[in-house]
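One structure is given below, encoded as structure tokens.
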Amino acid sequence: MIARAGHAKADAGGTGAPTAVPAGGAGRRTLADEAAVEGIGLHLGRPCRLVFRPAPAGTGIVFHRVDLPGTAPIPARVDVAVEAERRTQLGTGAAALHTVEHVLAAVGALEIDDLIIEMDGPEPPIMDGSAAAFVEALDVAGFAMNAGRPDWLVLRKAIRVVEGDSVYEAHPCFGFGLDVAIDFPHPLIGEQRGRYMVTPDTFRRELSAARTFGFVHEVDALRAKGLIQGASTANAIVLDAQGLVDTSLRWADEFVRHKALDCVGDLLLAGARVRARIVAHKPSHRGTVALVRALVQHAIKEPAVYTVEDILQVLPHRYPFLLVDRILEIEEGRRIVGLKNVSINEPFFQGHFPGHPIMPGVLIIEAMAQVGGMLLMRTIEDPSTKVVYFMSLDNVKFRRPVKPGDQLRLELEVTQRRGTMCKMKGVAYVDGQVVTEAEMAAMVRDR
């Protein structure tokens, strides 16, 4: 059961009041309203009402057990995660939270930074065995912007983690990519592999509805351990030796999609938005938590600003033709803001109006195009295999000259997108004044 839990009101004149924004905004994100989900838990089989509530900037993702008055809040962080069979658990004892991975997957994939999750039981409702109900509840509540920028966990070099049969590699990446492989000795599963660039839209479309699964031959042993007390064919894919029991698949590879969903949820325990490409072979909750601990140790935590190191991983351009120094803001698939510091040491000043240095207008347009290319490349799993070709320019206007010492702020907004083609409108500013405007069309192609 999903319901709107109430109405979160924001005082427009107050400090830190959330402002409604679409998914993918550049600031810290919370909810515009509240929403509730009700049902029974998968492993403990107990009823639970879960309420998503907006939270102030800097709160992070925090759980509250409202059925245990006086219990301290439990943050969704790897330092409070404990080893548990077949699930992700936060905390210990009577106040512990069990099987939180599907809730965390929805919260993380929708890029929510500040959120209070109230539960009147030890385990979230399992619903249909996927994260779809939680995504729906969050979408119903709507999103709002908090003050400040999101925290990002940025990987600068590759790492490898082995935990039992689970093997992980994490590589630097401009966005959040998953490459997941599983292997089960069952005729409907076998070897499956899925590759995803995780954004709010791709998660909704490709992963959120993938359900958890289990095997008939494991039921008695798991229930003897106190697990899967609430499991049924209504909330899990159940398989016997011949095939499916009382259900049908949503995708032929729904099994690997669900494993990817679990990875998204467990990776939220990093306490920041992860910027890396994760290659996971036979992932498990225990293994992914071990990976998160390694990421927290080896990665750096920084605001959502993309440095030249990140840009060099995405764009093929190099000196003297790399004309972007930093990416300041990104709204997923919609808008991007980049920065170019114009120095007297730029090689083009040697021959372009010597004695009266002016940045060539065509290079301002090129800088604008490179920033736009960064926006297009954000949804590409391996940017090294792709290139952005710009196909047309329209309505180009040069308003004032750009000189050494100026700082170009390059803002581009998507006006139309169809497949691999995209149209954008760009504006370049210096000290808040427009210096150049242009409309451009581009296409992503294989190198």
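Going through the structure tokens in order, the chains are called A, B, and so on, while each chain numbers its residues from 1 and the ligands are numbered from 1 in the order shown.
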
For segment 76-86 of chain A, find every residue with an atom within 9 Å (counting only C-alpha atoms), except residues of its own chain fewer than 3 positions away, and show them as a list in words.
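The contact residues come out as His43, Gly60, Ile61, Val62, Phe63, Gln89, Leu90, Gly91, Thr92, His98, Thr99, Leu104, Leu227, Asp266, Leu267, Leu268, Leu269, Ala270, Gly271, Ser284, His285, Arg286, Val289, Ala290, Val292, Arg293 and Val296 of chain A.
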
List the neighbours of Asp394 of chain A out to 7 Å using only C-alpha atoms; skip same-chain residues closer than 5 positions along the sequence, and give me the result as a PDB file with C-alpha atoms, in the first residue's frame.
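The result, written out as part-v9.pdb:
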ATOM      1  CA  ALA A 438      24.502  29.983 -29.876  1.00  0.00           C
ATOM      2  CA  GLU A 439      22.177  27.089 -30.640  1.00  0.00           C
ATOM      3  CA  MET A 440      23.826  23.817 -31.600  1.00  0.00           C
TER       4      MET A 440
END

Sorted per-residue table, segment 17-106 of chain A near segment 233-243 of chain A, closest atoms and distance, 12 Å, only C-alpha atoms, as a Markdown table:
| residue | atom | partner | partner_atom | distance |
| --- | --- | --- | --- | --- |
| A:Gly39 | CA | A:Asn235 | CA | 10.6 |
| A:Ile40 | CA | A:Asn235 | CA | 9.9 |
| A:Gly41 | CA | A:Asn235 | CA | 9.9 |
| A:Leu42 | CA | A:Asn235 | CA | 8.0 |
| A:His43 | CA | A:Asn235 | CA | 11.4 |
| A:Gly45 | CA | A:Asn235 | CA | 11.7 |

With distances taken over only C-alpha atoms, the candidate from A:Gly142, A:Pro347, A:Gly70, A:Gly164 nearest Phe52 of chain A is A:Gly142

Compile the contact shell of Val154 of chain A as a PyMOL selection string: residues with an atom at most 12 Å away, counting only C-alpha atoms, same-chain residues fewer than 4 positions apart removed.
chain A and resi 158+170-176+270+272-277+295-307+309-310

With only C-alpha atoms as the atoms that count, which of A:Asp165, A:Glu329, A:Glu346, A:Glu191 lies nearest to Arg409 of chain A?
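Selected residue with least distance to Arg409 of chain A: A:Glu329.
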